[in-house]
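The next block holds one structure in the form of structure tokens; read it before the comments.
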Amino acid sequence: MTNSLLLYIDPGTGSMLFSIVVGAAATLFFLGKAAWIKIKLLFTAKKNGVPVSQDTNFKQYVIYNEGMQYWNTFKPVCDEFEKRQIELTYYTSAEKDPCFEMGYKFVKPEFIGEGNMAFVKLNMLSAGFVLMTTPGLQVYQLKRSKRVKHYSHVLHMPNDATTYRLFGLDYFDSVLLTGDYQKEDIRTLEQQRGITQKQLVTVGCPYLDVYKENIAKIPAEENHPFTVLVSPSWGDVGILKKYGEKLLDPLAATGWRIIVRPHPQSKKSEADMLARLEERYKNNKNIEWDYERQNIFSLKKADIMISDFSGIIFDYTFLCDKPVMYVNAGMDLRPYDAYDLGDKKLWQYASLEKFGKQLNEKDFANIKEVIQNMSDSKELAAARAQAKAEAWMYEGEAGKNIADFMIQTVQNMNK
């Protein structure tokens with residue numbers, strides 16, 4: 001008789017076990033490497049004019065891209081290094097990363113796998129400066145390598161830097177910001193937690209720089225129908241999951257073109273909900289579903305946006321300068337850094353209240369009338385301009401500013 005034993009390892013324990021294994025492997029790797037270098041030094045002082053003790057795996061500048069959606073954040077930086085003819089190692093977890101198609105000579109892209117496979121390589125990395133959008137360094141599987149001199153996080157959003165999961169930015173050496181306003185809350189958390197202050201450098205927003213160029217190239221529609229873009233976040237408080245038919249039924253009845261752009265995570269985490277809604281409206285010719293990687297095509301078409309707390313609100317506001325309506329579905333801040341700020345209202349909420357109009361569930365039944373009566377006042381336009389000035393500084397200059405900071409940091413470390 002055969003007995004079977006089923007074991008369950010929860011994600012937290014799994015992360016801890018993975019960290020232990022990777023830590024032990026990294027230690028053995030570097031100890032073995034150091035021993036091998038010492039042995040070589042006993043027999044050879046130099047080889048071809050280069051000291052044999054030099055780490056041949058060392059990369060001066062490294063970017064890590066965790067997914068296709070972040071390419072536009074790194075493209076301006078890659079372009080800048082290419083223009084300056086400075087070698088840049090570009091590690092990516094996107095097998096079809098657009099970087100491979102760019103024809104760069106000095107930017108060297110390499111696919112390093114996804115998830116734990118990528119983390120194993122990154123945790124053993126030997127580098128001068130590593131730039132990434134991935135938060136949670138030294139918190140979960142992604143650890144600081146002892147052979148990396150400087151870790152830098154570049155924000156991939158113009159909204160609050162404290163909307164990452166807890167301790168998301170704590171263990172970086174620097175954080176590159178889109179606007180000066182983001183500094184205060186990071187400093188507050190550093191003081192509360194008693195951690196070392198990071199370099200906080202405002203560089204601008206690279207992906208918005210790319211979007212601005214690309215959206216300007218999209219031709220205007222000849223016979224443009226009035227268009228409402230529904231672009232929510234995901235999860236239980238995202239308006240698509242929370243309200244679904246309650247919101248989309250009256251919108252469909254308006255006869256306007258309604259573009260529904262679910263959050264990319266919804267396709268993974270809420271596939272059943274999306275399938276149900278798509279089936280419900282499959283015969284409604286005025287409802288379109290947008291799953292394009294880039295959001296700029298829907299943004300260009302939209303006359304007004306309806307959202308919740310999704311960051312796409314700021315893309316639309318800053319790039320298109322058109323009215324926004326938001327449903328205050330509420331966001332549980334407990335898993336996020338922002339929770340430790342206490343009762344302080346986040347910048348993104350305070351700003352949205354100024355340039356957007358709140359849409360309540362009781363308004364859904366009369367949504368056509370509500371939208372028609374929403375005028376784009378001078379006050380709303382001024383509030384949009386103010387938010388843009390605060391959150392998207394150095395417009396068009398992010399790639400240059402980031403490259404400058406990376407190069408200057410390395411130069412300072414090598415003095």
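In the structure tokens, each chain is lettered A, B, ... as it comes, each chain's residues begin at 1, and ligands are numbered from 1 in order of appearance.
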
Who sits within 10 Å of Leu248 (chain A), only C-alpha atoms, same chain under 2 positions skipped, as a list in words: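 Counting only the stated atoms, we get Val230, Leu240, Tyr243, Gly244, Glu245, Lys246, Pro250, Leu251, Ala252, Ala253, Ile258, Val260, Leu277, Tyr281, Ile287 and Phe364 of chain A.
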
Please produce an output containing N, CA and C atoms for each residue in the selection, written as an mmCIF file, in the first residue's frame.
data_model
loop_
_atom_site.group_PDB
_atom_site.id
_atom_site.type_symbol
_atom_site.label_atom_id
_atom_site.label_comp_id
_atom_site.auth_asym_id
_atom_site.auth_seq_id
_atom_site.Cartn_x
_atom_site.Cartn_y
_atom_site.Cartn_z
ATOM 1 N N VAL A 230 -13.814 54.084 -20.746
ATOM 2 C CA VAL A 230 -13.915 53.514 -19.407
ATOM 3 C C VAL A 230 -12.620 52.757 -19.162
ATOM 4 N N LEU A 240 -14.911 48.307 -12.853
ATOM 5 C CA LEU A 240 -15.439 47.291 -13.759
ATOM 6 C C LEU A 240 -15.903 46.067 -12.987
ATOM 7 N N TYR A 243 -18.894 47.402 -10.299
ATOM 8 C CA TYR A 243 -20.185 47.851 -10.831
ATOM 9 C C TYR A 243 -20.589 47.114 -12.114
ATOM 10 N N GLY A 244 -19.627 46.775 -12.964
ATOM 11 C CA GLY A 244 -19.927 46.006 -14.167
ATOM 12 C C GLY A 244 -21.112 46.518 -14.958
ATOM 13 N N GLU A 245 -22.175 45.703 -15.045
ATOM 14 C CA GLU A 245 -23.366 46.021 -15.836
ATOM 15 C C GLU A 245 -24.056 47.300 -15.365
ATOM 16 N N LYS A 246 -23.973 47.592 -14.071
ATOM 17 C CA LYS A 246 -24.636 48.794 -13.553
ATOM 18 C C LYS A 246 -24.112 50.063 -14.219
ATOM 19 N N PRO A 250 -26.178 51.530 -18.835
ATOM 20 C CA PRO A 250 -26.610 52.886 -19.208
ATOM 21 C C PRO A 250 -25.657 53.560 -20.192
ATOM 22 N N LEU A 251 -24.361 53.238 -20.139
ATOM 23 C CA LEU A 251 -23.438 53.806 -21.116
ATOM 24 C C LEU A 251 -23.740 53.262 -22.512
ATOM 25 N N ALA A 252 -24.014 51.950 -22.597
ATOM 26 C CA ALA A 252 -24.349 51.353 -23.891
ATOM 27 C C ALA A 252 -25.609 51.975 -24.473
ATOM 28 N N ALA A 253 -26.546 52.337 -23.595
ATOM 29 C CA ALA A 253 -27.826 52.901 -24.043
ATOM 30 C C ALA A 253 -27.695 54.316 -24.588
ATOM 31 N N ILE A 258 -18.410 53.637 -26.832
ATOM 32 C CA ILE A 258 -17.895 53.360 -25.494
ATOM 33 C C ILE A 258 -16.700 52.420 -25.648
ATOM 34 N N VAL A 260 -13.988 50.299 -23.676
ATOM 35 C CA VAL A 260 -13.668 49.740 -22.367
ATOM 36 C C VAL A 260 -12.244 49.203 -22.432
ATOM 37 N N LEU A 277 -18.715 39.937 -19.210
ATOM 38 C CA LEU A 277 -19.121 41.245 -19.733
ATOM 39 C C LEU A 277 -19.011 41.295 -21.255
ATOM 40 N N TYR A 281 -22.211 42.065 -23.992
ATOM 41 C CA TYR A 281 -22.277 43.204 -24.923
ATOM 42 C C TYR A 281 -21.759 42.857 -26.320
ATOM 43 N N ILE A 287 -19.994 49.362 -28.323
ATOM 44 C CA ILE A 287 -19.054 49.051 -27.240
ATOM 45 C C ILE A 287 -17.842 48.321 -27.815
ATOM 46 N N PHE A 364 -25.600 56.764 -12.277
ATOM 47 C CA PHE A 364 -25.425 55.871 -13.417
ATOM 48 C C PHE A 364 -26.654 55.859 -14.322
#

Listing only residues of region 315-410 of chain A within 9 Å of region 60-66 of chain A, what is the closest atom pair and its distance in Å (to one decimal) for each, using only C-alpha atoms, sorted by chain and residue number ascending, as CSV?
residue,atom,partner,partner_atom,distance
A:Met406,CA,A:Tyr61,CA,7.7
A:Ile407,CA,A:Tyr61,CA,8.4
A:Val410,CA,A:Gln60,CA,7.9

Can you write just those residues out, all heavy atoms, as a PDB file, in the first residue's frame?
ATOM      1  N   MET A 406      23.103  58.514 -14.000  1.00  0.00           N
ATOM      2  CA  MET A 406      23.785  57.218 -13.972  1.00  0.00           C
ATOM      3  C   MET A 406      25.296  57.394 -14.189  1.00  0.00           C
ATOM      4  O   MET A 406      26.114  56.846 -13.441  1.00  0.00           O
ATOM      5  CB  MET A 406      23.203  56.294 -15.042  1.00  0.00           C
ATOM      6  CG  MET A 406      21.763  55.868 -14.790  1.00  0.00           C
ATOM      7  SD  MET A 406      21.032  54.918 -16.161  1.00  0.00           S
ATOM      8  CE  MET A 406      21.949  53.372 -16.046  1.00  0.00           C
ATOM      9  N   ILE A 407      25.642  58.165 -15.184  1.00  0.00           N
ATOM     10  CA  ILE A 407      27.058  58.345 -15.532  1.00  0.00           C
ATOM     11  C   ILE A 407      27.792  59.116 -14.437  1.00  0.00           C
ATOM     12  O   ILE A 407      28.899  58.737 -14.031  1.00  0.00           O
ATOM     13  CB  ILE A 407      27.172  59.065 -16.889  1.00  0.00           C
ATOM     14  CG1 ILE A 407      26.642  58.159 -18.000  1.00  0.00           C
ATOM     15  CG2 ILE A 407      28.618  59.474 -17.167  1.00  0.00           C
ATOM     16  CD1 ILE A 407      26.396  58.862 -19.316  1.00  0.00           C
ATOM     17  N   VAL A 410      28.411  56.884 -11.314  1.00  0.00           N
ATOM     18  CA  VAL A 410      29.525  55.945 -11.512  1.00  0.00           C
ATOM     19  C   VAL A 410      30.864  56.670 -11.463  1.00  0.00           C
ATOM     20  O   VAL A 410      31.832  56.190 -10.846  1.00  0.00           O
ATOM     21  CB  VAL A 410      29.354  55.172 -12.843  1.00  0.00           C
ATOM     22  CG1 VAL A 410      30.631  54.430 -13.212  1.00  0.00           C
ATOM     23  CG2 VAL A 410      28.188  54.198 -12.737  1.00  0.00           C
TER      24      VAL A 410
END

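Using only C-alpha atoms, the residues found no farther than 7 Å from region 350-354 of chain A, other than those of its own chain fewer than 5 positions away, are Lys345, Leu380, Ala383 and Ala387 of chain A.
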
Selection: 12 Å around Arg84 (chain A), only C-alpha atoms, excl. self and same-chain fewer than 6 positions, as a list in words: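 Once the nearby chain positions are removed, what remains is Val77, Cys78, Tyr104, Lys105, Phe106, Val107, Gly399, Lys400, Ala403, Asp404 and Ile407 of chain A.
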
Option closest in space to Asp97 (chain A), from A:Gly67, A:Gly115, A:Pro219, A:Gly342 [counting only C-alpha atoms]: A:Gly67

Using only C-alpha atoms: which of A:Asn412, A:Leu359, A:Asn284, A:Ser231 has the shortest distance to Ser266 (chain A): A:Ser231

Sort by chain and increasing residue number a table of all residues of region 282-351 of chain A within 8 Å of region 208-213 of chain A, each with its closest pair of atoms and their distance in Å to one decimal, counting only C-alpha atoms, and write it as CSV.
residue,atom,partner,partner_atom,distance
A:Ile296,CA,A:Tyr211,CA,6.9
A:Asp315,CA,A:Leu208,CA,7.3
A:Leu319,CA,A:Lys212,CA,6.4

Interatomic distance, CA of Arg334 (chain A) to CA of Pro206 (chain A) (Å, one decimal):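 So the two atoms, CA of Arg334 (chain A) and CA of Pro206 (chain A), lie 29.2 Å apart.
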
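Using only C-alpha atoms, the nearest neighbour of Leu166 (chain A) within the list A:Arg193, A:His150, A:Lys83, A:Lys183 is A:Arg193.
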
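Between CA of Leu176 (chain A) and CA of Asp340 (chain A) the interatomic distance comes to 21.2 Å.
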
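Using only C-alpha atoms, the nearest neighbour of Phe226 (chain A) within the list A:Thr202, A:Thr178, A:Thr254, A:Ser152 is A:Thr254.
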